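So the structure is just underneath, and the comments pick up after that.
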Amino acid sequence: MNRCSLAVSRGIARVTEAALGPYQTAVVRIGFSATWLLFLLRELPHRHELYGPDGPWSWDLAEQLIRTNGAFTTLMWSDGRIWFEIVYALAVLASALLMLGWRTRTMSVLFMVGVLSLQNRSVFMGDGGDNVLHLMSIYLVFTRCAQVWSLDARRASRARAARARGERVTDRTGPVLWGVLGFVLVAVTLAGRLEGDWLIPALLWTVWAAQALWWLVGRRARSAEPRILLDVVANVVHNGALLVIMAEACLIYATAGWYKIQGSRWQDGTAVYYPLHLEYFSPWPALAGLLSASGTLVMLVTYGTVLVQVAFPFTLFNRRVKNVLLAVMITEHAVIAVVLGLPFFSLAMIAADAVFLPTTFLRRLGGWAARARDRLLSRARRRSPVPEQRAHESPETTHVGFGT
Amino acid sequence: MNAYDEGPNARHGPGTPAEPGQPAKPGQPAEPGSPAEPGPPLESGPDAGPRTGVAALSLRYRIVVAVALAVVAVGVCAHLGMTFLHVAPANTVTKEHGKAVDDWIYPEFEQNWKLFAPNPLQQNISIQVRAQVRGRDGMTLTTGWYDLSAEDGRAIDGNLLPSHTQQNELRRAWDFFVATHDGENRPVGLRGSLSESYLRRIAVLRLDRDDAVRATTGGGGVIERVQVRSRTSNVPAPEWSREKVSTTPSYRELPWWKVPRDEAAGGVR
């Protein structure tokens with residue numbers, strides 16, 4: 001009994017004290033925002049056909065469907081061309097800024113709005129990759145995903161350093177951003193545009209109110225306690241969302257794996273052969289032919305796929321086995337990206353997998369990225385007299401996350 | 001909470017101190033007004049006083065933390081439970097409480113992870129379309145069949161970044177049609193008629209891109225009606241298998257659909 005309560009109190013201390021997995025949540029943030037950004041850029045020439053008011057899934061058709069399910073999309077606020085272009089451009093901008101980690105909480109909300117607006121507008125254009133993105137864009141809003149590898153982290157460390165020198169730091173961008181978005185939120189609500197399902201509007205209002213509270217408490221509170229309270233609550237929410245993200249990834253693999261077990265083709269070891277010979281999933285017929293030339297090889301890959309998918313959730317209890325399976329799955333997705341012609345689906349799945357990557361590996365990855373960046377910068381500045389110094393002079397950015 | 005305690009723990013590789021609550025580097029995560037919180041904050045005082053965490057709080061605040069903890073715990077468990085029931089096969093619980101699960105999941109948490117499962121698709125389904133065109137001279141002509149799926153297939157060949165318009169649009173529009181029509185091609189409910197309009201609009205758009213009118217009449221003209229059919233053929237059995245499958249295609253031909261005048265130009269430019 002005593003040990004049990006000790007474990008509980010230790011658990012509570014852990015989930016309240018810190019926002020866990022700073023590197024994992026950062027890599028998930030970067031992974032999903034980059035996937036969506038690249039997708040939007042790739043589809044730029046096709047954006048009207050996919051989501052535009054005059055596309056095959058026309059504004060009127062979407063309107064009729066959305067009236068029955070109440071899904072959230074800003075694209076139904078107007079059937080104008082210009083509105084569509086604005087929403088698409090803002091979706092691109094929000095994903096780029098979320099990737100960089102600028103005003104991350106706000107950008108995660110705008111990123112979600114962008115993803116939901118476009119995907120819910122044309123639900124029949126998406127595939128599994130869009131589905132993962134859809135869910136994760138909502139979950140990310142609840143996380144503190146910019147603790148490392150972000151402009152926010154750099155800004156915070158600079159602000160800390162400035163305060164240590166006794167300087168006053170005032171942030172003007174935050175309140176302005178908050179004010180503008182608040183104005184939009186109020187206007188849209190008054191105009192009756194948020195009358196679908198309650199979930200997303202409620203989330204928008206909650207985040208907006210929470211940011212005001214955070215700012216007020218930071219400025220006005222007499223004691224440290226309210227601030228610590230908000231920090232603890234933010235940690236708890238973050239940790240809950242992190243758990244949901246990890247569980248969601250496990251559910252994806254478990255569902256994909258357990259349903260496969262019931263299929264005769266996965267049982268007789270030929271399943272992998274078939275997608276390789278579908279018109280829609282065979283960009284490289286010669287490669288597909290080569291890969292499916294050996295029946296034994298096809299069977300091994302077929303069985304291996306099911307095995308890995310079913311086993312993965314259970315391997316979380318053993319770090320080493322988990323890491324091996326993770327490497328296998330990421331490799332398989334990279335192969336799928338090319339062989340089945342599903343690059344964005346694969347990228348999204350790899351981004352989801354990344355939540356399970358070990359911290360040491362992620363930090364090493366960050367170190368490589370930082371060194372590559374420094375090398376690029378110093379090469380660019382080679383002609384100027386102080387390139388070497390500059391390259392070594394950034395301990396602050398190193399602290400922020402690209403550290404080794 | 002078991003998975004939770006194990007999960008993050010497991011992510012600390014060997015060599016990383018994984019003490020509970022101890023951030024990987026001093027001064028990184030979880031300071032009040034910390035980097036994670038963008039927007040308005042960052043006006044927090046230079047020093048947060050005694051270290052963070054519940055320990056620094058008085059009873060009143062601890063109660064608030066306890067409530068928050070309970071709310072988040074209940075929310076997370078409920079959401080994961082509902083999501084599990086949503087992706088699981090129909091079972092005793094979903095038969096009883098299916099409505100509650102659907103209310104929670106739809107519209108934003110809908111998901112389907114039966115990826116190539118239980119069996120991968122083993123047939124190539126090609127969507128083909130032809131049109132009746134009225135030429136300038138008033139004569140009505142019928143175009144040949146255009147194999148739109150084959151066009152998609154060619155667009156995907158050798159393509160590292162296939163577009164959703166090539167890979168998903170027509171394929172999923174057909175799935176949508178099949179799911180919302182009975183065996184005699186009669187629409188079921190609102191979604192049935194939506195799927196017809198959708199398929200028709202795709203057909204007209206693609207015929208327009210293929211310049212079908214000019215190819216048929218030799219000049220101008222307008223599409224008056226379109227007809228869609230599907231051609232389904234089995235993927236031939238692997239060479240190394242002793243299985244025999246017929247590769248003779250089967251067709252499903254839909255009735256002719258009238259194309260509204262304002263739609264005949266093809267929609268998307």
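We label chains A, B, ... in the order they appear in the structure tokens, count residues from 1 in each chain, and number ligands from 1 in the order shown.
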
Counting only C-alpha atoms, what is within 8 Å of B:Val245, bar same-chain residues fewer than 5 positions away, as a PyMOL selection string?
chain B and resi 234+236-237

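Using only C-alpha atoms, the residues found no farther than 7 Å from stretch 345-360 of chain A, other than those of its own chain fewer than 4 positions away, are Tyr23, Gln24, Thr25, Val27, Val28, Gly31, Phe32, Thr35, Gly128, Gly129, Val132, Leu133, Met246, Ala249, Ile330, His333, Ala334, Ile336, Ala337 and Arg364 of chain A; Arg11, His12, Gly13 and Thr16 of chain B.
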
Save out the residues we just selected, N, CA, C and O atoms, as a tab-separated table (two decimals), in the first residue's frame.
chain	number	residue	atom	x	y	z
A	23	TYR	N	12.33	17.05	-26.73
A	23	TYR	CA	12.87	16.81	-28.08
A	23	TYR	C	11.86	16.06	-28.94
A	23	TYR	O	11.74	16.32	-30.14
A	24	GLN	N	11.16	15.13	-28.32
A	24	GLN	CA	10.19	14.34	-29.09
A	24	GLN	C	9.05	15.23	-29.59
A	24	GLN	O	8.65	15.14	-30.76
A	25	THR	N	8.53	16.08	-28.72
A	25	THR	CA	7.42	16.91	-29.18
A	25	THR	C	7.90	17.91	-30.22
A	25	THR	O	7.17	18.24	-31.15
A	27	VAL	N	10.27	17.40	-32.42
A	27	VAL	CA	10.47	16.73	-33.71
A	27	VAL	C	9.11	16.38	-34.34
A	27	VAL	O	8.95	16.44	-35.56
A	28	VAL	N	8.13	16.08	-33.51
A	28	VAL	CA	6.79	15.83	-34.04
A	28	VAL	C	6.23	17.12	-34.65
A	28	VAL	O	5.65	17.12	-35.75
A	31	GLY	N	8.07	17.74	-37.86
A	31	GLY	CA	7.72	16.73	-38.85
A	31	GLY	C	6.37	16.98	-39.49
A	31	GLY	O	6.25	17.00	-40.72
A	32	PHE	N	5.35	17.23	-38.68
A	32	PHE	CA	4.01	17.40	-39.25
A	32	PHE	C	3.88	18.73	-39.98
A	32	PHE	O	3.26	18.79	-41.05
A	35	THR	N	5.62	18.34	-43.29
A	35	THR	CA	4.84	17.50	-44.21
A	35	THR	C	3.73	18.30	-44.87
A	35	THR	O	3.55	18.28	-46.09
A	128	GLY	N	-4.69	8.20	-45.95
A	128	GLY	CA	-4.28	7.96	-44.57
A	128	GLY	C	-3.37	9.03	-44.01
A	128	GLY	O	-3.45	9.39	-42.84
A	129	GLY	N	-2.49	9.55	-44.88
A	129	GLY	CA	-1.58	10.60	-44.43
A	129	GLY	C	-2.32	11.85	-43.97
A	129	GLY	O	-1.99	12.43	-42.93
A	132	VAL	N	-3.84	11.21	-40.48
A	132	VAL	CA	-2.91	11.37	-39.35
A	132	VAL	C	-2.68	12.85	-39.07
A	132	VAL	O	-2.71	13.30	-37.91
A	133	LEU	N	-2.47	13.61	-40.14
A	133	LEU	CA	-2.21	15.04	-39.99
A	133	LEU	C	-3.37	15.75	-39.32
A	133	LEU	O	-3.18	16.61	-38.45
A	246	MET	N	1.14	9.48	-28.43
A	246	MET	CA	1.80	8.17	-28.46
A	246	MET	C	0.77	7.05	-28.59
A	246	MET	O	0.97	6.10	-29.35
A	249	ALA	N	-0.52	6.79	-32.14
A	249	ALA	CA	0.42	6.06	-33.02
A	249	ALA	C	0.29	4.56	-32.80
A	249	ALA	O	0.28	3.77	-33.76
A	330	ILE	N	10.43	2.96	-39.74
A	330	ILE	CA	10.77	4.19	-40.46
A	330	ILE	C	11.36	3.83	-41.83
A	330	ILE	O	11.04	4.46	-42.84
A	333	HIS	N	8.55	2.80	-44.14
A	333	HIS	CA	7.80	3.94	-44.64
A	333	HIS	C	8.57	4.71	-45.70
A	333	HIS	O	7.99	5.21	-46.67
A	334	ALA	N	9.88	4.79	-45.51
A	334	ALA	CA	10.69	5.47	-46.52
A	334	ALA	C	10.61	4.72	-47.85
A	334	ALA	O	10.55	5.33	-48.92
A	336	ILE	N	8.08	2.76	-48.80
A	336	ILE	CA	6.71	2.94	-49.30
A	336	ILE	C	6.58	4.28	-50.03
A	336	ILE	O	5.90	4.39	-51.06
A	337	ALA	N	7.25	5.30	-49.48
A	337	ALA	CA	7.16	6.63	-50.08
A	337	ALA	C	7.49	6.59	-51.56
A	337	ALA	O	6.80	7.20	-52.38
A	364	ARG	N	21.70	14.05	-30.77
A	364	ARG	CA	22.80	13.91	-31.73
A	364	ARG	C	22.36	14.49	-33.08
A	364	ARG	O	23.11	15.20	-33.75
B	11	ARG	N	12.06	6.55	-23.77
B	11	ARG	CA	12.66	7.37	-24.80
B	11	ARG	C	14.01	7.92	-24.41
B	11	ARG	O	14.73	8.44	-25.22
B	12	HIS	N	14.33	7.87	-23.14
B	12	HIS	CA	15.66	8.32	-22.77
B	12	HIS	C	16.64	7.22	-23.10
B	12	HIS	O	16.56	6.14	-22.56
B	13	GLY	N	17.50	7.50	-24.00
B	13	GLY	CA	18.43	6.47	-24.39
B	13	GLY	C	19.41	6.21	-23.27
B	13	GLY	O	19.44	6.94	-22.28
B	16	THR	N	21.60	8.88	-20.90
B	16	THR	CA	20.94	10.12	-20.54
B	16	THR	C	20.35	9.97	-19.15
B	16	THR	O	19.61	9.04	-18.91

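Interatomic distance, atom CA of A:Ser282 against atom CA of A:Leu340: 5.5 Å.
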
Mind giving me the straight-line distance from atom CA of B:Thr94 to atom CA of B:Gly75 in Å, one decimal?
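These two atoms are separated by 19.3 Å.
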
Find the residues around A:Tyr274 up to 8 Å (only C-alpha atoms counted), leave out those fewer than 2 positions away in its own chain, and share them as number ranges by chain.
A: 270-272, 276-278; B: 120-122, 235

The selected residues should be written to file as a short mmCIF file (atom, residue, chain, number, x, y, z; two decimals), in the first residue's frame (atoms: all heavy atoms).
data_model
loop_
_atom_site.label_atom_id
_atom_site.label_comp_id
_atom_site.auth_asym_id
_atom_site.auth_seq_id
_atom_site.Cartn_x
_atom_site.Cartn_y
_atom_site.Cartn_z
N THR A 270 1.20 -13.41 -49.69
CA THR A 270 1.32 -12.77 -51.00
C THR A 270 0.85 -11.30 -50.99
O THR A 270 0.94 -10.62 -52.00
CB THR A 270 0.46 -13.50 -52.06
OG1 THR A 270 -0.91 -13.46 -51.63
CG2 THR A 270 0.90 -14.93 -52.23
N ALA A 271 0.37 -10.83 -49.82
CA ALA A 271 -0.31 -9.52 -49.79
C ALA A 271 0.53 -8.41 -50.41
O ALA A 271 0.01 -7.59 -51.18
CB ALA A 271 -0.67 -9.17 -48.35
N VAL A 272 1.82 -8.36 -50.09
CA VAL A 272 2.64 -7.23 -50.53
C VAL A 272 2.73 -7.16 -52.06
O VAL A 272 2.91 -6.09 -52.65
CB VAL A 272 4.03 -7.32 -49.87
CG1 VAL A 272 5.02 -6.39 -50.53
CG2 VAL A 272 3.91 -7.00 -48.38
N LEU A 276 1.69 -3.48 -55.18
CA LEU A 276 2.76 -3.15 -56.14
C LEU A 276 2.27 -3.25 -57.58
O LEU A 276 2.92 -2.75 -58.49
CB LEU A 276 3.94 -4.11 -55.94
CG LEU A 276 4.75 -3.93 -54.65
CD1 LEU A 276 5.76 -5.06 -54.50
CD2 LEU A 276 5.45 -2.59 -54.65
N HIS A 277 1.13 -3.94 -57.79
CA HIS A 277 0.63 -4.10 -59.15
C HIS A 277 -0.69 -3.38 -59.39
O HIS A 277 -1.42 -3.70 -60.32
CB HIS A 277 0.52 -5.59 -59.49
CG HIS A 277 1.86 -6.24 -59.60
ND1 HIS A 277 2.58 -6.65 -58.50
CD2 HIS A 277 2.65 -6.50 -60.68
CE1 HIS A 277 3.73 -7.17 -58.90
NE2 HIS A 277 3.80 -7.08 -60.21
N LEU A 278 -1.01 -2.44 -58.52
CA LEU A 278 -2.19 -1.61 -58.75
C LEU A 278 -1.77 -0.36 -59.52
O LEU A 278 -0.74 0.24 -59.23
CB LEU A 278 -2.84 -1.21 -57.43
CG LEU A 278 -3.50 -2.33 -56.62
CD1 LEU A 278 -4.03 -1.77 -55.31
CD2 LEU A 278 -4.61 -2.99 -57.41
N PRO B 120 -5.38 -6.58 -49.16
CA PRO B 120 -5.14 -5.48 -50.09
C PRO B 120 -6.06 -5.63 -51.29
O PRO B 120 -6.51 -6.73 -51.61
CB PRO B 120 -3.68 -5.69 -50.49
CG PRO B 120 -3.41 -7.13 -50.26
CD PRO B 120 -4.29 -7.55 -49.12
N LEU B 121 -6.37 -4.52 -51.92
CA LEU B 121 -7.16 -4.56 -53.14
C LEU B 121 -6.41 -5.40 -54.17
O LEU B 121 -5.21 -5.23 -54.37
CB LEU B 121 -7.36 -3.14 -53.66
CG LEU B 121 -8.31 -2.96 -54.84
CD1 LEU B 121 -9.72 -3.36 -54.45
CD2 LEU B 121 -8.29 -1.52 -55.32
N GLN B 122 -7.13 -6.33 -54.82
CA GLN B 122 -6.46 -7.21 -55.78
C GLN B 122 -6.99 -7.01 -57.20
O GLN B 122 -6.84 -7.87 -58.05
CB GLN B 122 -6.65 -8.66 -55.34
CG GLN B 122 -5.93 -8.96 -54.04
CD GLN B 122 -6.58 -10.10 -53.28
OE1 GLN B 122 -6.71 -11.20 -53.79
NE2 GLN B 122 -6.99 -9.84 -52.05
N VAL B 235 -5.80 -8.38 -60.66
CA VAL B 235 -4.35 -8.37 -60.83
C VAL B 235 -3.93 -9.81 -61.08
O VAL B 235 -4.32 -10.70 -60.33
CB VAL B 235 -3.66 -7.83 -59.55
CG1 VAL B 235 -2.16 -8.02 -59.62
CG2 VAL B 235 -4.02 -6.38 -59.33
#

Where does DSSP see helix (DSSP H, G or I) in stretch 22-251 of chain B, if you list the residues as number ranges by chain?
B: 54-56, 59-87, 92-105, 148-156, 164-167, 169-179, 189-209, 212-217

In Å, how far is it from atom CA of A:Arg103 to atom CA of A:Leu151?
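Computing the Euclidean distance for atom CA of A:Arg103 and atom CA of A:Leu151 yields 8.0 Å.
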
Near B:Leu148, counting only C-alpha atoms, which residues have an atom at most 9 Å away, once you skip same-chain residues fewer than 4 positions from it, shown as a short mmCIF file (atom, residue, chain, number, x, y, z; two decimals) with C-alpha atoms, in the first residue's frame?
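This went into part06.cif:
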data_model
loop_
_atom_site.label_atom_id
_atom_site.label_comp_id
_atom_site.auth_asym_id
_atom_site.auth_seq_id
_atom_site.Cartn_x
_atom_site.Cartn_y
_atom_site.Cartn_z
CA SER B 126 -10.56 1.75 -64.11
CA ILE B 127 -13.09 4.52 -64.42
CA GLN B 128 -14.00 5.30 -67.99
CA VAL B 129 -16.26 7.98 -69.35
CA ASP B 152 -3.95 8.87 -63.80
CA GLY B 153 -1.74 5.82 -63.92
CA LEU B 170 -11.14 9.78 -59.03
CA ALA B 203 -15.97 13.41 -65.67
CA ARG B 206 -11.44 15.54 -67.35
CA LEU B 207 -13.21 15.37 -70.74
#

Residues near A:Arg105, anyone? I mean within 12 Å using only C-alpha atoms, not counting same-chain ones fewer than 4 positions away, as a ChimeraX atom specification.
/A:29,94,97-99,101,109-112,137-147,150,152,174,177-178,204,207-208,210-211,234,238 /B:35-41

Between B:Val178, B:Val76, B:Ala150, B:Val259, which has the minimum distance to B:Arg225 (counting only C-alpha atoms)?
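Closest to B:Arg225, using only C-alpha atoms: B:Val259.
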
When you look at A:Asp54 with a cut-off of 12 Å (counting only C-alpha atoms), what residues show up, excluding the ones that are within fewer than 2 positions of it in the same chain? I need them as a ChimeraX atom specification.
/A:47-52,56-62,79-81,84,122 /B:198,201-202,205,262-263,265-269

Which residues are close to B:Thr232, i.e. within 6 Å by only C-alpha atoms, leaving aside same-chain residues fewer than 3 positions away? Reply as a PDB file with all heavy atoms, in the first residue's frame.
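Written file, result30.pdb:
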ATOM      1  N   ASN B 124      -7.610  -4.017 -60.387  1.00  0.00           N
ATOM      2  CA  ASN B 124      -7.495  -2.668 -60.914  1.00  0.00           C
ATOM      3  C   ASN B 124      -8.874  -2.219 -61.372  1.00  0.00           C
ATOM      4  O   ASN B 124      -9.505  -2.871 -62.195  1.00  0.00           O
ATOM      5  CB  ASN B 124      -6.515  -2.644 -62.093  1.00  0.00           C
ATOM      6  CG  ASN B 124      -5.092  -2.460 -61.613  1.00  0.00           C
ATOM      7  OD1 ASN B 124      -4.806  -1.513 -60.879  1.00  0.00           O
ATOM      8  ND2 ASN B 124      -4.209  -3.372 -61.999  1.00  0.00           N
ATOM      9  N   ILE B 125      -9.341  -1.124 -60.781  1.00  0.00           N
ATOM     10  CA  ILE B 125     -10.655  -0.589 -61.159  1.00  0.00           C
ATOM     11  C   ILE B 125     -10.422   0.672 -61.972  1.00  0.00           C
ATOM     12  O   ILE B 125      -9.915   1.667 -61.449  1.00  0.00           O
ATOM     13  CB  ILE B 125     -11.502  -0.282 -59.916  1.00  0.00           C
ATOM     14  CG1 ILE B 125     -11.662  -1.555 -59.076  1.00  0.00           C
ATOM     15  CG2 ILE B 125     -12.863   0.271 -60.320  1.00  0.00           C
ATOM     16  CD1 ILE B 125     -12.318  -1.331 -57.738  1.00  0.00           C
ATOM     17  N   PRO B 249     -11.907  -8.689 -67.835  1.00  0.00           N
ATOM     18  CA  PRO B 249     -12.494  -7.584 -67.078  1.00  0.00           C
ATOM     19  C   PRO B 249     -14.010  -7.683 -67.016  1.00  0.00           C
ATOM     20  O   PRO B 249     -14.651  -8.264 -67.891  1.00  0.00           O
ATOM     21  CB  PRO B 249     -12.074  -6.346 -67.879  1.00  0.00           C
ATOM     22  CG  PRO B 249     -11.813  -6.842 -69.256  1.00  0.00           C
ATOM     23  CD  PRO B 249     -11.361  -8.263 -69.133  1.00  0.00           C
ATOM     24  N   SER B 250     -14.578  -7.106 -65.939  1.00  0.00           N
ATOM     25  CA  SER B 250     -16.031  -6.980 -65.863  1.00  0.00           C
ATOM     26  C   SER B 250     -16.380  -5.496 -65.807  1.00  0.00           C
ATOM     27  O   SER B 250     -15.592  -4.691 -65.310  1.00  0.00           O
ATOM     28  CB  SER B 250     -16.559  -7.704 -64.625  1.00  0.00           C
ATOM     29  OG  SER B 250     -16.097  -7.054 -63.469  1.00  0.00           O
TER      30      SER B 250
END

As a VMD selection string, please: all residues of stretch 218-247 of chain B that backbone DSSP puts in strand (DSSP E or B).
chain B and resid 221 to 234

Those selected residues, please, written with N, CA and C atoms and delivered as a PDB file, in the first residue's frame.
ATOM      1  N   GLY B 221     -18.597  22.841 -79.660  1.00  0.00           N
ATOM      2  CA  GLY B 221     -19.710  21.997 -79.266  1.00  0.00           C
ATOM      3  C   GLY B 221     -19.852  22.021 -77.770  1.00  0.00           C
ATOM      4  N   VAL B 222     -20.877  21.322 -77.307  1.00  0.00           N
ATOM      5  CA  VAL B 222     -21.110  21.343 -75.869  1.00  0.00           C
ATOM      6  C   VAL B 222     -21.500  19.946 -75.385  1.00  0.00           C
ATOM      7  N   ILE B 223     -20.997  19.595 -74.213  1.00  0.00           N
ATOM      8  CA  ILE B 223     -21.310  18.286 -73.645  1.00  0.00           C
ATOM      9  C   ILE B 223     -22.724  18.321 -73.076  1.00  0.00           C
ATOM     10  N   GLU B 224     -23.574  17.416 -73.536  1.00  0.00           N
ATOM     11  CA  GLU B 224     -24.951  17.384 -73.025  1.00  0.00           C
ATOM     12  C   GLU B 224     -25.171  16.305 -71.989  1.00  0.00           C
ATOM     13  N   ARG B 225     -24.561  15.142 -72.214  1.00  0.00           N
ATOM     14  CA  ARG B 225     -24.733  14.048 -71.254  1.00  0.00           C
ATOM     15  C   ARG B 225     -23.410  13.291 -71.135  1.00  0.00           C
ATOM     16  N   VAL B 226     -23.211  12.688 -69.987  1.00  0.00           N
ATOM     17  CA  VAL B 226     -22.030  11.841 -69.821  1.00  0.00           C
ATOM     18  C   VAL B 226     -22.454  10.477 -69.287  1.00  0.00           C
ATOM     19  N   GLN B 227     -21.637   9.498 -69.576  1.00  0.00           N
ATOM     20  CA  GLN B 227     -21.864   8.167 -69.026  1.00  0.00           C
ATOM     21  C   GLN B 227     -20.554   7.645 -68.446  1.00  0.00           C
ATOM     22  N   VAL B 228     -20.656   7.050 -67.270  1.00  0.00           N
ATOM     23  CA  VAL B 228     -19.480   6.524 -66.578  1.00  0.00           C
ATOM     24  C   VAL B 228     -19.612   5.014 -66.491  1.00  0.00           C
ATOM     25  N   ARG B 229     -18.503   4.336 -66.655  1.00  0.00           N
ATOM     26  CA  ARG B 229     -18.513   2.895 -66.367  1.00  0.00           C
ATOM     27  C   ARG B 229     -17.216   2.523 -65.675  1.00  0.00           C
ATOM     28  N   SER B 230     -17.257   1.434 -64.946  1.00  0.00           N
ATOM     29  CA  SER B 230     -16.019   0.958 -64.321  1.00  0.00           C
ATOM     30  C   SER B 230     -15.624  -0.349 -64.973  1.00  0.00           C
ATOM     31  N   ARG B 231     -14.326  -0.501 -65.108  1.00  0.00           N
ATOM     32  CA  ARG B 231     -13.802  -1.739 -65.687  1.00  0.00           C
ATOM     33  C   ARG B 231     -12.936  -2.362 -64.615  1.00  0.00           C
ATOM     34  N   THR B 232     -13.340  -3.537 -64.147  1.00  0.00           N
ATOM     35  CA  THR B 232     -12.625  -4.179 -63.050  1.00  0.00           C
ATOM     36  C   THR B 232     -11.910  -5.414 -63.564  1.00  0.00           C
ATOM     37  N   SER B 233     -10.613  -5.469 -63.354  1.00  0.00           N
ATOM     38  CA  SER B 233      -9.889  -6.673 -63.762  1.00  0.00           C
ATOM     39  C   SER B 233      -8.957  -7.100 -62.644  1.00  0.00           C
ATOM     40  N   ASN B 234      -8.895  -8.410 -62.425  1.00  0.00           N
ATOM     41  CA  ASN B 234      -8.031  -8.923 -61.367  1.00  0.00           C
ATOM     42  C   ASN B 234      -6.567  -8.679 -61.690  1.00  0.00           C
TER      43      ASN B 234
END

Please determine, counting only C-alpha atoms, which residue among A:Ala212, A:Ile228, A:Val176, A:Leu291 has the shortest atom-to-atom distance to A:Val339.
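Among the listed residues, A:Leu291 lies closest to A:Val339.
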
Rank nothing, just name the residue among B:Glu108, B:Asp103, B:Asp208, B:Asp137 nearest to chain A, using only C-alpha atoms.
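Comparing B:Glu108, B:Asp103, B:Asp208, B:Asp137 against chain A, the winner is B:Glu108.
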
Shortest interatomic distance to chain B - which of A:Trp102, A:Tyr303, A:Tyr88, A:Trp368, counting only C-alpha atoms
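Closest residue, counting only C-alpha atoms: A:Trp102.
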